[in-house]
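J.: Quick one: the structure is below, questions incoming.
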Amino acid sequence: MTKQTVLLLAGCLLFTPALAEELTVRIQITDGTGPVTGALVFTQDSSRAAPIQTEVVQKDRMFHPHVLIIPTGSKVDFPNRDNTQHHVYSFSPAKPFNLELYAGKPEAPVVFDQPGIVELGCNIHDHMQAFIVVADTRAIGQTNEQGEVSLLLDFGSAPAPGALDLNIWHPRLPDNTRPVIREIDVTSLAGVSATSIPIELDPEPRHDGPLDHLQKRFQEL
């Protein structure tokens with residue numbers, strides 16, 4: 001299985017009087033086949049987002065959304081809108097939990113009180129997979145169809161650091177249980193159009209659709 005090397009291009013660092021900086025990044029595949037959509041880029045600054053309550057829906061035997069970004073301390077409901085039962089779980093260290101076989105909506109939401117990458121699965125439908133990214137900072141964003149995202153970095157009353165750890169995560173990272181970390185020199189980006197950082201992604205997986213193989217065999221009978 002061949003891996004794809006992608007470049008993270010960081011530039012457009014704009015300084016403001018309030019010691020906040022806007023950092024625009026772009027991720028693209030080095031062979032020129034196009035940008036990478038849906039990559040998360042985040043870093044740690046002094047900003048914090050208030051917890052929210054949201055949901056990950058089970059519909060057509062899939063999780064929606066496939067990737068959810070939430071602040072630490074947020075609550076997530078897992079409503080089942082299929083005509084079959086699901087068993088949602090995670091073994092991820094940031095939030096292990098287990099919602100045993102159910103229909104409808106569980107009685108209480110799950111509280112995600114630790115930052116990290118949480119991988120979701122269904123004990124009944126093995127093909128179902130999704131991720132919840134729990135972040136301790138507002139300086140987080142997801143690349144658009146052009147592979148670009150802008151982060152507003154807030155360092156409070158302290159000067160911006162010379163070195164900044166940039167966290168990059170994508171579901172197709174070889175190890176998608178954690179982000180890869182790249183250090184960039186913030187001061188060197190002033191007046192520079194772009195800086196490239198190579199990372200690797202696994203190829204796009206093949207999907208047979210929302211039905212598993214056993215269900216497909218019964219359909220074809």
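As shown in the structure tokens, the chain order sets the letters A, B, ...; within each chain, residues go from 1, and ligands are also counted from 1 in the order they appear.
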Find the spatial neighbours of His86 in chain A, counting only C-alpha atoms, within a cut-off of 7 Å - ignore same-chain residues fewer than 5 positions away - and output them as a ChimeraX atom specification.

T.: /A:101-103,122,124

J.: At a cut-off of 7 Å, using only C-alpha atoms, what residues contact Gly116 in chain A? Leave out same-chain residues fewer than 2 positions from it and give the result as a PDB file with N, CA, C and O atoms, in the first residue's frame.

T.:
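And here is the file that came out, part13.pdb:
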```
ATOM      1  N   ALA A  94      -8.460   9.083  25.372  1.00  0.00           N
ATOM      2  CA  ALA A  94      -9.055  10.378  25.706  1.00  0.00           C
ATOM      3  C   ALA A  94     -10.485  10.232  26.222  1.00  0.00           C
ATOM      4  O   ALA A  94     -10.944  11.062  27.014  1.00  0.00           O
ATOM      5  N   GLN A 114     -11.506  15.285  28.379  1.00  0.00           N
ATOM      6  CA  GLN A 114     -10.058  15.290  28.157  1.00  0.00           C
ATOM      7  C   GLN A 114      -9.767  15.569  26.689  1.00  0.00           C
ATOM      8  O   GLN A 114     -10.458  15.040  25.816  1.00  0.00           O
ATOM      9  N   VAL A 118     -10.676  10.836  19.628  1.00  0.00           N
ATOM     10  CA  VAL A 118     -11.543   9.748  20.059  1.00  0.00           C
ATOM     11  C   VAL A 118     -12.114   9.070  18.817  1.00  0.00           C
ATOM     12  O   VAL A 118     -12.839   9.693  18.039  1.00  0.00           O
ATOM     13  N   VAL A 133     -12.691  15.006  17.767  1.00  0.00           N
ATOM     14  CA  VAL A 133     -11.447  15.675  18.146  1.00  0.00           C
ATOM     15  C   VAL A 133     -11.783  16.667  19.257  1.00  0.00           C
ATOM     16  O   VAL A 133     -12.531  17.623  19.048  1.00  0.00           O
ATOM     17  N   VAL A 134     -11.253  16.404  20.451  1.00  0.00           N
ATOM     18  CA  VAL A 134     -11.514  17.246  21.619  1.00  0.00           C
ATOM     19  C   VAL A 134     -10.323  18.172  21.801  1.00  0.00           C
ATOM     20  O   VAL A 134      -9.186  17.723  21.974  1.00  0.00           O
ATOM     21  N   ALA A 135     -10.573  19.487  21.735  1.00  0.00           N
ATOM     22  CA  ALA A 135      -9.475  20.465  21.696  1.00  0.00           C
ATOM     23  C   ALA A 135      -9.539  21.412  22.891  1.00  0.00           C
ATOM     24  O   ALA A 135     -10.623  21.784  23.352  1.00  0.00           O
TER      25      ALA A 135
END
```

J.: What is the CA of Asp60 in chain A-CA of Thr177 in chain A distance in Å, reported with one decimal?

T.: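 One can read the CA of Asp60 in chain A to CA of Thr177 in chain A distance as 25.4 Å.
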
J.: Hey, what does DSSP flag as strand (DSSP E or B) within range 67-151 of chain A? Can you give it to me as a VMD selection string?

T.: chain A and resid 67 to 71 74 to 77 80 86 to 90 97 to 102 104 110 to 112 116 to 122 129 to 135 140 to 142 148 to 151
